[in-house]
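**Q** query.pdb is reproduced below (PDB, C-alpha atoms and all ligand atoms).
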MODEL        1
ATOM      1  CA  MET A 125     -79.603 138.597 234.088  1.00  0.00           C
ATOM      2  CA  ILE A 126     -78.719 137.978 230.445  1.00  0.00           C
ATOM      3  CA  THR A 127     -75.921 140.074 228.956  1.00  0.00           C
ATOM      4  CA  VAL A 128     -75.414 140.385 225.210  1.00  0.00           C
ATOM      5  CA  TRP A 129     -71.858 141.407 224.386  1.00  0.00           C
ATOM      6  CA  GLY A 130     -71.650 143.409 221.174  1.00  0.00           C
ATOM      7  CA  GLU A 131     -73.975 144.316 218.325  1.00  0.00           C
ATOM      8  CA  GLY A 132     -73.100 143.229 214.776  1.00  0.00           C
ATOM      9  CA  ARG A 133     -74.613 139.751 214.544  1.00  0.00           C
ATOM     10  CA  GLY A 134     -75.651 140.349 218.159  1.00  0.00           C
ATOM     11  CA  PHE A 135     -78.629 142.083 216.573  1.00  0.00           C
ATOM     12  CA  ARG A 136     -80.005 138.590 215.886  1.00  0.00           C
ATOM     13  CA  VAL A 137     -79.739 137.829 219.596  1.00  0.00           C
ATOM     14  CA  VAL A 138     -81.362 141.085 220.688  1.00  0.00           C
ATOM     15  CA  TRP A 139     -84.149 140.563 218.143  1.00  0.00           C
ATOM     16  CA  LEU A 140     -84.899 137.109 219.578  1.00  0.00           C
ATOM     17  CA  LEU A 141     -84.723 138.377 223.165  1.00  0.00           C
ATOM     18  CA  GLU A 142     -87.243 141.076 222.271  1.00  0.00           C
ATOM     19  CA  GLU A 143     -89.496 138.521 220.559  1.00  0.00           C
ATOM     20  CA  MET A 144     -89.315 136.284 223.654  1.00  0.00           C
ATOM     21  CA  GLY A 145     -89.856 139.188 226.046  1.00  0.00           C
ATOM     22  CA  LEU A 146     -86.783 138.313 228.114  1.00  0.00           C
ATOM     23  CA  PRO A 147     -84.924 140.969 230.134  1.00  0.00           C
ATOM     24  CA  TYR A 148     -81.306 141.569 229.123  1.00  0.00           C
ATOM     25  CA  ARG A 149     -78.632 144.206 228.952  1.00  0.00           C
ATOM     26  CA  LEU A 150     -76.558 145.020 225.880  1.00  0.00           C
ATOM     27  CA  ARG A 151     -72.878 145.629 226.579  1.00  0.00           C
ATOM     28  CA  ASP A 152     -71.146 147.513 223.772  1.00  0.00           C
ATOM     29  CA  VAL A 153     -67.898 146.088 222.396  1.00  0.00           C
ATOM     30  CA  ASP A 154     -65.931 148.469 220.197  1.00  0.00           C
ATOM     31  CA  LEU A 155     -64.280 146.289 217.562  1.00  0.00           C
ATOM     32  CA  LEU A 156     -62.813 149.351 215.840  1.00  0.00           C
ATOM     33  CA  LYS A 157     -60.767 150.038 218.955  1.00  0.00           C
ATOM     34  CA  GLY A 158     -59.872 146.346 219.027  1.00  0.00           C
ATOM     35  CA  ALA A 159     -61.387 143.713 221.300  1.00  0.00           C
ATOM     36  CA  GLU A 160     -57.956 143.275 222.903  1.00  0.00           C
ATOM     37  CA  SER A 161     -58.317 146.750 224.426  1.00  0.00           C
ATOM     38  CA  ASP A 162     -61.360 145.471 226.348  1.00  0.00           C
ATOM     39  CA  PRO A 163     -60.024 142.983 228.930  1.00  0.00           C
ATOM     40  CA  GLU A 164     -63.473 142.451 230.451  1.00  0.00           C
ATOM     41  CA  PHE A 165     -64.753 141.263 227.062  1.00  0.00           C
ATOM     42  CA  MET A 166     -61.641 139.191 226.301  1.00  0.00           C
ATOM     43  CA  ALA A 167     -62.250 137.339 229.580  1.00  0.00           C
ATOM     44  CA  VAL A 168     -65.738 136.481 228.325  1.00  0.00           C
ATOM     45  CA  ASN A 169     -64.660 135.530 224.778  1.00  0.00           C
ATOM     46  CA  PRO A 170     -60.913 135.050 224.314  1.00  0.00           C
ATOM     47  CA  GLY A 171     -61.658 134.694 220.587  1.00  0.00           C
ATOM     48  CA  GLY A 172     -62.352 138.439 220.576  1.00  0.00           C
ATOM     49  CA  PHE A 173     -65.402 138.303 218.314  1.00  0.00           C
ATOM     50  CA  ILE A 174     -68.992 139.326 218.916  1.00  0.00           C
ATOM     51  CA  PRO A 175     -71.651 138.486 219.892  1.00  0.00           C
ATOM     52  CA  ALA A 176     -71.338 136.591 223.153  1.00  0.00           C
ATOM     53  CA  LEU A 177     -74.196 135.774 225.469  1.00  0.00           C
ATOM     54  CA  GLN A 178     -73.692 135.490 229.201  1.00  0.00           C
ATOM     55  CA  ASP A 179     -76.223 134.275 231.715  1.00  0.00           C
ATOM     56  CA  GLU A 180     -76.164 132.607 235.111  1.00  0.00           C
ATOM     57  CA  HIS A 181     -75.055 129.330 233.465  1.00  0.00           C
ATOM     58  CA  GLY A 182     -72.069 130.693 231.534  1.00  0.00           C
ATOM     59  CA  VAL A 183     -71.127 132.062 228.111  1.00  0.00           C
ATOM     60  CA  VAL A 184     -72.192 131.034 224.597  1.00  0.00           C
ATOM     61  CA  VAL A 185     -70.735 132.439 221.368  1.00  0.00           C
ATOM     62  CA  GLU A 186     -71.796 132.024 217.703  1.00  0.00           C
ATOM     63  CA  SER A 187     -74.966 133.974 217.020  1.00  0.00           C
ATOM     64  CA  VAL A 188     -77.022 131.027 215.728  1.00  0.00           C
ATOM     65  CA  ALA A 189     -75.914 128.788 218.607  1.00  0.00           C
ATOM     66  CA  ILE A 190     -77.005 131.603 220.928  1.00  0.00           C
ATOM     67  CA  LEU A 191     -80.441 131.656 219.266  1.00  0.00           C
ATOM     68  CA  GLN A 192     -80.792 127.901 219.775  1.00  0.00           C
ATOM     69  CA  TYR A 193     -79.520 128.213 223.334  1.00  0.00           C
ATOM     70  CA  LEU A 194     -82.018 130.928 224.259  1.00  0.00           C
ATOM     71  CA  LEU A 195     -84.909 128.988 222.724  1.00  0.00           C
ATOM     72  CA  GLY A 196     -83.890 125.822 224.570  1.00  0.00           C
ATOM     73  CA  ARG A 197     -82.770 127.174 227.916  1.00  0.00           C
ATOM     74  CA  HIS A 198     -84.940 130.254 228.256  1.00  0.00           C
ATOM     75  CA  GLY A 199     -87.946 128.958 226.278  1.00  0.00           C
ATOM     76  CA  PRO A 200     -90.302 127.503 225.380  1.00  0.00           C
ATOM     77  CA  SER A 201     -91.066 129.816 222.477  1.00  0.00           C
ATOM     78  CA  PRO A 202     -93.192 129.478 219.329  1.00  0.00           C
ATOM     79  CA  LEU A 203     -90.124 130.726 217.439  1.00  0.00           C
ATOM     80  CA  ALA A 204     -88.578 127.243 217.822  1.00  0.00           C
ATOM     81  CA  LEU A 205     -89.976 124.202 216.054  1.00  0.00           C
ATOM     82  CA  GLU A 206     -89.857 120.740 217.604  1.00  0.00           C
ATOM     83  CA  PRO A 207     -88.480 117.612 215.871  1.00  0.00           C
ATOM     84  CA  THR A 208     -92.057 116.355 215.616  1.00  0.00           C
ATOM     85  CA  ASP A 209     -93.233 119.501 213.745  1.00  0.00           C
ATOM     86  CA  ALA A 210     -93.661 119.207 209.970  1.00  0.00           C
ATOM     87  CA  GLY A 211     -91.408 122.189 209.301  1.00  0.00           C
ATOM     88  CA  TYR A 212     -88.599 121.105 211.635  1.00  0.00           C
ATOM     89  CA  GLY A 213     -86.113 120.201 208.902  1.00  0.00           C
ATOM     90  CA  ALA A 214     -86.631 123.495 207.081  1.00  0.00           C
ATOM     91  CA  TRP A 215     -86.437 125.371 210.389  1.00  0.00           C
ATOM     92  CA  LEU A 216     -83.100 123.861 211.352  1.00  0.00           C
ATOM     93  CA  GLN A 217     -81.707 124.193 207.844  1.00  0.00           C
ATOM     94  CA  PHE A 218     -82.512 127.878 207.468  1.00  0.00           C
ATOM     95  CA  LEU A 219     -81.555 128.693 211.050  1.00  0.00           C
ATOM     96  CA  HIS A 220     -78.014 127.591 210.173  1.00  0.00           C
ATOM     97  CA  LEU A 221     -78.018 128.631 206.513  1.00  0.00           C
ATOM     98  CA  GLY A 222     -78.513 132.229 207.664  1.00  0.00           C
ATOM     99  CA  GLU A 223     -74.966 132.259 209.044  1.00  0.00           C
ATOM    100  CA  ALA A 224     -73.108 129.368 207.419  1.00  0.00           C
ATOM    101  CA  GLY A 225     -74.522 129.847 203.908  1.00  0.00           C
ATOM    102  CA  LEU A 226     -75.417 133.544 203.747  1.00  0.00           C
ATOM    103  CA  MET A 227     -73.754 135.794 206.310  1.00  0.00           C
ATOM    104  CA  GLY A 228     -70.383 134.034 206.359  1.00  0.00           C
ATOM    105  CA  PRO A 229     -69.865 134.190 202.584  1.00  0.00           C
ATOM    106  CA  ALA A 230     -71.418 137.695 202.458  1.00  0.00           C
ATOM    107  CA  PHE A 231     -68.873 139.006 204.921  1.00  0.00           C
ATOM    108  CA  PHE A 232     -65.923 137.624 202.962  1.00  0.00           C
ATOM    109  CA  ALA A 233     -67.378 138.774 199.642  1.00  0.00           C
ATOM    110  CA  TRP A 234     -67.575 142.279 201.086  1.00  0.00           C
ATOM    111  CA  ALA A 235     -64.472 142.380 203.308  1.00  0.00           C
ATOM    112  CA  GLY A 236     -61.885 142.695 200.520  1.00  0.00           C
ATOM    113  CA  GLY A 237     -63.563 145.872 199.258  1.00  0.00           C
ATOM    114  CA  GLY A 238     -64.301 147.073 202.798  1.00  0.00           C
ATOM    115  CA  PHE A 239     -60.901 146.536 204.411  1.00  0.00           C
ATOM    116  CA  GLY A 240     -58.541 145.067 201.840  1.00  0.00           C
ATOM    117  CA  PRO A 241     -55.864 146.522 199.562  1.00  0.00           C
ATOM    118  CA  PRO A 242     -56.709 147.658 195.989  1.00  0.00           C
ATOM    119  CA  GLY A 243     -57.972 144.729 193.919  1.00  0.00           C
ATOM    120  CA  ALA A 244     -58.888 142.613 196.947  1.00  0.00           C
ATOM    121  CA  LYS A 245     -62.593 142.950 196.234  1.00  0.00           C
ATOM    122  CA  GLU A 246     -62.208 141.245 192.882  1.00  0.00           C
ATOM    123  CA  ASP A 247     -59.771 138.557 193.956  1.00  0.00           C
ATOM    124  CA  TRP A 248     -60.555 134.849 193.595  1.00  0.00           C
ATOM    125  CA  THR A 249     -61.644 134.395 197.222  1.00  0.00           C
ATOM    126  CA  GLY A 250     -63.977 137.390 197.201  1.00  0.00           C
ATOM    127  CA  SER A 251     -65.563 136.326 193.905  1.00  0.00           C
ATOM    128  CA  MET A 252     -66.000 132.763 195.164  1.00  0.00           C
ATOM    129  CA  ALA A 253     -67.613 134.007 198.386  1.00  0.00           C
ATOM    130  CA  LEU A 254     -70.075 136.125 196.370  1.00  0.00           C
ATOM    131  CA  SER A 255     -70.893 133.186 194.159  1.00  0.00           C
ATOM    132  CA  LEU A 256     -71.517 130.966 197.234  1.00  0.00           C
ATOM    133  CA  LEU A 257     -73.767 133.620 198.768  1.00  0.00           C
ATOM    134  CA  ASN A 258     -75.834 133.877 195.595  1.00  0.00           C
ATOM    135  CA  SER A 259     -76.120 130.109 195.150  1.00  0.00           C
ATOM    136  CA  ARG A 260     -77.401 129.766 198.754  1.00  0.00           C
ATOM    137  CA  ARG A 261     -79.908 132.558 198.124  1.00  0.00           C
ATOM    138  CA  ARG A 262     -81.557 130.210 195.620  1.00  0.00           C
ATOM    139  CA  LEU A 263     -82.707 128.049 198.553  1.00  0.00           C
ATOM    140  CA  VAL A 264     -84.288 131.119 200.123  1.00  0.00           C
ATOM    141  CA  ALA A 265     -85.907 131.979 196.783  1.00  0.00           C
ATOM    142  CA  ARG A 266     -87.427 128.509 196.440  1.00  0.00           C
ATOM    143  CA  GLN A 267     -88.736 128.601 199.998  1.00  0.00           C
ATOM    144  CA  LEU A 268     -90.346 132.009 199.415  1.00  0.00           C
ATOM    145  CA  GLU A 269     -92.169 130.587 196.387  1.00  0.00           C
ATOM    146  CA  ARG A 270     -93.699 127.981 198.723  1.00  0.00           C
ATOM    147  CA  ALA A 271     -94.348 129.867 201.950  1.00  0.00           C
ATOM    148  CA  PRO A 272     -94.053 133.318 203.548  1.00  0.00           C
ATOM    149  CA  TYR A 273     -91.374 132.245 206.052  1.00  0.00           C
ATOM    150  CA  MET A 274     -88.361 129.943 206.156  1.00  0.00           C
ATOM    151  CA  ALA A 275     -90.090 127.219 208.192  1.00  0.00           C
ATOM    152  CA  GLY A 276     -93.513 127.642 206.585  1.00  0.00           C
ATOM    153  CA  GLU A 277     -96.499 129.745 207.505  1.00  0.00           C
ATOM    154  CA  VAL A 278     -95.213 131.351 210.693  1.00  0.00           C
ATOM    155  CA  PHE A 279     -92.269 133.546 211.653  1.00  0.00           C
ATOM    156  CA  THR A 280     -89.558 131.695 213.623  1.00  0.00           C
ATOM    157  CA  ALA A 281     -85.958 132.140 214.733  1.00  0.00           C
ATOM    158  CA  ALA A 282     -84.896 130.812 211.296  1.00  0.00           C
ATOM    159  CA  ASP A 283     -86.228 134.089 209.892  1.00  0.00           C
ATOM    160  CA  ILE A 284     -84.171 136.101 212.372  1.00  0.00           C
ATOM    161  CA  SER A 285     -81.095 134.260 211.134  1.00  0.00           C
ATOM    162  CA  VAL A 286     -81.827 134.583 207.391  1.00  0.00           C
ATOM    163  CA  ALA A 287     -83.402 138.064 207.424  1.00  0.00           C
ATOM    164  CA  TYR A 288     -80.423 139.495 209.312  1.00  0.00           C
ATOM    165  CA  ALA A 289     -78.083 138.251 206.570  1.00  0.00           C
ATOM    166  CA  LEU A 290     -80.265 139.592 203.741  1.00  0.00           C
ATOM    167  CA  ILE A 291     -80.625 142.962 205.480  1.00  0.00           C
ATOM    168  CA  TRP A 292     -76.841 143.076 205.827  1.00  0.00           C
ATOM    169  CA  VAL A 293     -76.355 142.272 202.128  1.00  0.00           C
ATOM    170  CA  ARG A 294     -78.828 145.009 201.199  1.00  0.00           C
ATOM    171  CA  ARG A 295     -77.272 147.628 203.487  1.00  0.00           C
ATOM    172  CA  GLN A 296     -73.809 146.919 202.094  1.00  0.00           C
ATOM    173  CA  GLY A 297     -75.193 147.199 198.558  1.00  0.00           C
ATOM    174  CA  MET A 298     -73.669 143.826 197.691  1.00  0.00           C
ATOM    175  CA  ALA A 299     -76.456 142.399 195.577  1.00  0.00           C
ATOM    176  CA  ALA A 300     -79.862 143.480 194.336  1.00  0.00           C
ATOM    177  CA  LEU A 301     -82.485 141.568 196.283  1.00  0.00           C
ATOM    178  CA  THR A 302     -85.387 139.966 194.449  1.00  0.00           C
ATOM    179  CA  ALA A 303     -88.948 141.251 194.855  1.00  0.00           C
ATOM    180  CA  ASP A 304     -89.729 138.153 196.964  1.00  0.00           C
ATOM    181  CA  GLU A 305     -86.757 138.812 199.242  1.00  0.00           C
ATOM    182  CA  GLU A 306     -87.732 142.475 199.610  1.00  0.00           C
ATOM    183  CA  ALA A 307     -91.315 141.541 200.503  1.00  0.00           C
ATOM    184  CA  TYR A 308     -90.004 138.949 202.969  1.00  0.00           C
ATOM    185  CA  LEU A 309     -87.788 141.508 204.699  1.00  0.00           C
ATOM    186  CA  GLU A 310     -90.710 143.898 204.892  1.00  0.00           C
ATOM    187  CA  ARG A 311     -92.780 141.220 206.675  1.00  0.00           C
ATOM    188  CA  CYS A 312     -89.969 140.460 209.107  1.00  0.00           C
ATOM    189  CA  ALA A 313     -89.105 144.099 209.815  1.00  0.00           C
ATOM    190  CA  ALA A 314     -92.761 144.975 210.454  1.00  0.00           C
ATOM    191  CA  ARG A 315     -92.649 142.921 213.656  1.00  0.00           C
ATOM    192  CA  GLU A 316     -92.722 144.679 217.008  1.00  0.00           C
ATOM    193  CA  GLY A 317     -89.751 142.567 218.099  1.00  0.00           C
ATOM    194  CA  TYR A 318     -87.656 143.896 215.202  1.00  0.00           C
ATOM    195  CA  ARG A 319     -88.642 147.491 215.960  1.00  0.00           C
ATOM    196  CA  ARG A 320     -87.766 147.106 219.631  1.00  0.00           C
ATOM    197  CA  ALA A 321     -84.443 145.489 218.743  1.00  0.00           C
ATOM    198  CA  MET A 322     -83.619 148.441 216.464  1.00  0.00           C
ATOM    199  CA  GLN A 323     -84.377 150.803 219.338  1.00  0.00           C
ATOM    200  CA  ALA A 324     -82.112 148.786 221.626  1.00  0.00           C
ATOM    201  CA  CYS A 325     -79.146 148.666 219.191  1.00  0.00           C
ATOM    202  CA  PRO A 326     -77.741 152.158 218.558  1.00  0.00           C
ATOM    203  CA  ALA A 327     -74.899 151.090 216.263  1.00  0.00           C
ATOM    204  CA  THR A 328     -77.210 148.993 214.073  1.00  0.00           C
ATOM    205  CA  ARG A 329     -79.730 151.826 213.992  1.00  0.00           C
ATOM    206  CA  GLY A 330     -77.066 154.339 212.982  1.00  0.00           C
ATOM    207  CA  TRP A 331     -75.843 152.050 210.214  1.00  0.00           C
ATOM    208  CA  ALA A 332     -79.422 151.510 208.964  1.00  0.00           C
ATOM    209  CA  GLU A 333     -80.056 155.263 208.939  1.00  0.00           C
ATOM    210  CA  ALA A 334     -76.808 155.902 207.049  1.00  0.00           C
ATOM    211  CA  ALA A 335     -77.773 153.228 204.505  1.00  0.00           C
ATOM    212  CA  GLY A 336     -81.287 154.693 204.206  1.00  0.00           C
ATOM    213  CA  ARG A 337     -83.102 151.511 205.433  1.00  0.00           C
TER     214      ARG A 337
HETATM  215  N1  LIG A 401     -70.204 133.036 212.998  1.00  0.00           N
HETATM  216  C1  LIG A 401     -70.047 134.041 214.006  1.00  0.00           C
HETATM  217  C2  LIG A 401     -69.375 135.256 213.367  1.00  0.00           C
HETATM  218  C3  LIG A 401     -68.988 136.289 214.385  1.00  0.00           C
HETATM  219  C4  LIG A 401     -68.263 137.449 213.754  1.00  0.00           C
HETATM  220  O1  LIG A 401     -67.517 137.307 212.768  1.00  0.00           O
HETATM  221  N2  LIG A 401     -68.510 138.642 214.305  1.00  0.00           N
HETATM  222  C5  LIG A 401     -67.870 139.833 213.810  1.00  0.00           C
HETATM  223  C6  LIG A 401     -68.733 141.056 214.032  1.00  0.00           C
HETATM  224  S1  LIG A 401     -70.418 140.843 213.662  1.00  0.00           S
HETATM  225  C7  LIG A 401     -66.583 140.029 214.584  1.00  0.00           C
HETATM  226  O2  LIG A 401     -66.587 140.002 215.800  1.00  0.00           O
HETATM  227  N3  LIG A 401     -65.478 140.218 213.863  1.00  0.00           N
HETATM  228  C8  LIG A 401     -64.225 140.443 214.466  1.00  0.00           C
HETATM  229  C9  LIG A 401     -63.394 139.190 214.567  1.00  0.00           C
HETATM  230  O3  LIG A 401     -63.852 138.139 214.125  1.00  0.00           O
HETATM  231  O4  LIG A 401     -62.283 139.278 215.079  1.00  0.00           O
HETATM  232  C10 LIG A 401     -71.425 134.381 214.594  1.00  0.00           C
HETATM  233  O5  LIG A 401     -72.428 134.140 213.929  1.00  0.00           O
HETATM  234  O6  LIG A 401     -71.483 134.858 215.735  1.00  0.00           O
ENDMDL
END
Starting from the file, give its structure as structure tokens.

**A**
Amino acid sequence: MITVWGEGRGFRVVWLLEEMGLPYRLRDVDLLKGAESDPEFMAVNPGGFIPALQDEHGVVVESVAILQYLLGRHGPSPLALEPTDAGYGAWLQFLHLGEAGLMGPAFFAWAGGGFGPPGAKEDWTGSMALSLLNSRRRLVARQLERAPYMAGEVFTAADISVAYALIWVRRQGMAALTADEEAYLERCAAREGYRRAMQACPATRGWAEAAGR
């Protein structure tokens, strides 16, 4: 049985599991209480961050690595492209850009205002993170001028990675999304897999309801 530890970016993992039709259980991890107060989780991921994926072979952390792992080990799935596919380069690029180029900078652009002392939101690091996020969004913008999805004509795991980050940016009110980005998110969120993942993730659903989307 597959266990997903924690929501947050674990939503990406649950979304893919729902798209692939794989059975799993979601184990809540309360980061507000502190991961250290959850010894069972700390034994799974001594780094204390979520998500983690556990199956009969072991544990994988890093949400995008987990997506690749599921597609490789629990696939095959049309949500993964092969090196011989025309869109493979774009697929791999956007799969990783979703975290490394979008979500990572987005978190640090937001975190100063979310958790930091007065003025932290506007400090050099926060401003630089916001500027990195927005520069990487230009790659998404160019792709959306060419095709409906990150790897081309069809929805793939690269869209789970990128759409999650853009949804997060929108819910935190960090940047106004473009009309193309909004239409893209509408396409992604209209999927049955997304709807089922929202049903399966109470914390994400609560946050979406509070944010009004
Ligand atoms: N790059 C990692 C980021 C993981 C991450 O930062 N997760 C957040 C919640 S979504 C977390 O656990 N933060 C607490 C911490 O890092 O101690 C991934 O994609 O999984």

**Q** Around ligand LIG 401 (chain A), out to 8 Å and counting all atoms listed in the file, which residues are there? I want them as a PyMOL selection string.

**A** chain A and resi 131-134+155+159+171-176+185-189+223-224+227-228

**Q** Hey, which of A:Met274, A:Ala253, A:Ala321, A:Leu194 ends up closest to Ala214 in chain A? Count all atoms listed in the file.

**A**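 Among A:Met274, A:Ala253, A:Ala321, A:Leu194, it is A:Met274 that comes nearest to Ala214 in chain A.
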
**Q** Residues picked by the PyMOL selection byres (((chain A and resi 308-310) around 10) and not hetatm) here, as a list in words?

**A** Leu268, Pro272, Tyr273, Met274, Asp283, Val286, Ala287, Tyr288, Leu290, Ile291, Leu301, Thr302, Ala303, Asp304, Glu305, Glu306, Ala307, Arg311, Cys312, Ala313, Ala314 and Arg315 of chain A

**Q** Edge lengths and centre in Å to one decimal, as lines of an AutoDock Vina configuration file, of the axis-aligned box that encloses all listed atoms of range 308-314 of chain A with 6 Å added on every side?

**A**
center_x = -90.3
center_y = 142.0
center_z = 206.7
size_x = 17.0
size_y = 18.0
size_z = 19.5

**Q** Could you tell me which of A:Phe218, A:Trp331, A:Phe232, A:Phe165 comes closest to Val128 in chain A if we count all atoms listed in the file?

**A**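 Nearest to Val128 in chain A: A:Phe165.
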
**Q** Set the distance at 12 Å and use all atoms listed in the file: which residues neighbour Ala235 in chain A once local chain neighbours fewer than 2 positions away are removed? I'd like the list as a PyMOL selection string.

**A** chain A and resi 227-233+237-247+249-251+253-254+293+296+298

**Q** Would you kindly translate the PyMOL selection byres (((chain A and resi 334-336) around 12) and not hetatm) into the concrete residues it picks from this file, as a ChimeraX atom specification?

**A** /A:291-297,327-333,337

**Q** What is the distance between CA of Trp234 in chain A and CA of Ala265 in chain A, in Å to one decimal?

**A** 21.5 Å

**Q** What is the CA of Arg270 in chain A-CA of Pro202 in chain A distance in Å, reported with one decimal?

**A** 20.7 Å

**Q** Would you mind telling me which residue in A:Ser255, A:Gln323, A:His198, A:Leu205 lies nearest to Leu226 in chain A when using all atoms listed in the file?

**A**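 Answer, going by the shortest atom-to-atom distance: A:Ser255.
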
**Q** What is the distance between CA of Arg319 in chain A and CA of Ala282 in chain A, in Å to one decimal?

**A**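 Computing it gives 17.7 Å between the two atoms.
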
**Q** Please expand the PyMOL selection byres (((chain A and resi 141) around 12) and not hetatm) into the concrete residues it hits in this file, giving the result as an MDAnalysis selection string.

**A** chainID A and resid 126:128 134:140 142:150 177 190:195 198:199 201 203 281 284 316:318 320:321 324

**Q** Pick from A:Gly158, A:Leu257, A:Val278, A:Arg151: nearest to Ala299 in chain A, with only C-alpha atoms counted?

**A**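 Closest to Ala299 in chain A of all the choices is A:Leu257.
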
**Q** Please, can range 155-173 of chain A be completed to N, CA and C atoms and returned as a compact mmCIF listing (two decimals), in the frame of the given file?

**A**
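Okay, result35.txt is ready:
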# COMPACT_ATOMS: atom_id res chain seq x y z
N LEU A 155 -65.25 147.06 218.34
CA LEU A 155 -64.28 146.29 217.56
C LEU A 155 -63.30 147.20 216.82
N LEU A 156 -63.72 148.45 216.56
CA LEU A 156 -62.81 149.35 215.84
C LEU A 156 -61.61 149.71 216.72
N LYS A 157 -61.88 149.79 218.03
CA LYS A 157 -60.77 150.04 218.96
C LYS A 157 -59.93 148.78 219.13
N GLY A 158 -60.56 147.63 218.84
CA GLY A 158 -59.87 146.35 219.03
C GLY A 158 -60.38 145.68 220.29
N ALA A 159 -60.86 144.44 220.14
CA ALA A 159 -61.39 143.71 221.30
C ALA A 159 -60.31 143.55 222.37
N GLU A 160 -59.05 143.48 221.94
CA GLU A 160 -57.96 143.28 222.90
C GLU A 160 -57.83 144.42 223.88
N SER A 161 -58.39 145.61 223.50
CA SER A 161 -58.32 146.75 224.43
C SER A 161 -59.45 146.70 225.45
N ASP A 162 -60.21 145.62 225.45
CA ASP A 162 -61.36 145.47 226.35
C ASP A 162 -61.19 144.17 227.14
N PRO A 163 -60.35 144.23 228.21
CA PRO A 163 -60.02 142.98 228.93
C PRO A 163 -61.24 142.28 229.51
N GLU A 164 -62.27 143.07 229.89
CA GLU A 164 -63.47 142.45 230.45
C GLU A 164 -64.13 141.55 229.39
N PHE A 165 -64.18 142.06 228.14
CA PHE A 165 -64.75 141.26 227.06
C PHE A 165 -63.86 140.08 226.71
N MET A 166 -62.55 140.30 226.65
CA MET A 166 -61.64 139.19 226.30
C MET A 166 -61.72 138.05 227.32
N ALA A 167 -62.08 138.39 228.57
CA ALA A 167 -62.25 137.34 229.58
C ALA A 167 -63.51 136.53 229.28
N VAL A 168 -64.50 137.18 228.68
CA VAL A 168 -65.74 136.48 228.32
C VAL A 168 -65.52 135.65 227.06
N ASN A 169 -64.93 136.24 226.03
CA ASN A 169 -64.66 135.53 224.78
C ASN A 169 -63.22 135.78 224.34
N PRO A 170 -62.32 134.87 224.69
CA PRO A 170 -60.91 135.05 224.31
C PRO A 170 -60.71 135.05 222.81
N GLY A 171 -61.74 134.62 222.05
CA GLY A 171 -61.66 134.69 220.59
C GLY A 171 -61.77 136.13 220.10
N GLY A 172 -62.31 137.02 220.91
CA GLY A 172 -62.35 138.44 220.58
C GLY A 172 -63.38 138.80 219.52
N PHE A 173 -64.37 137.95 219.30
CA PHE A 173 -65.40 138.30 218.31
C PHE A 173 -66.76 138.40 219.01
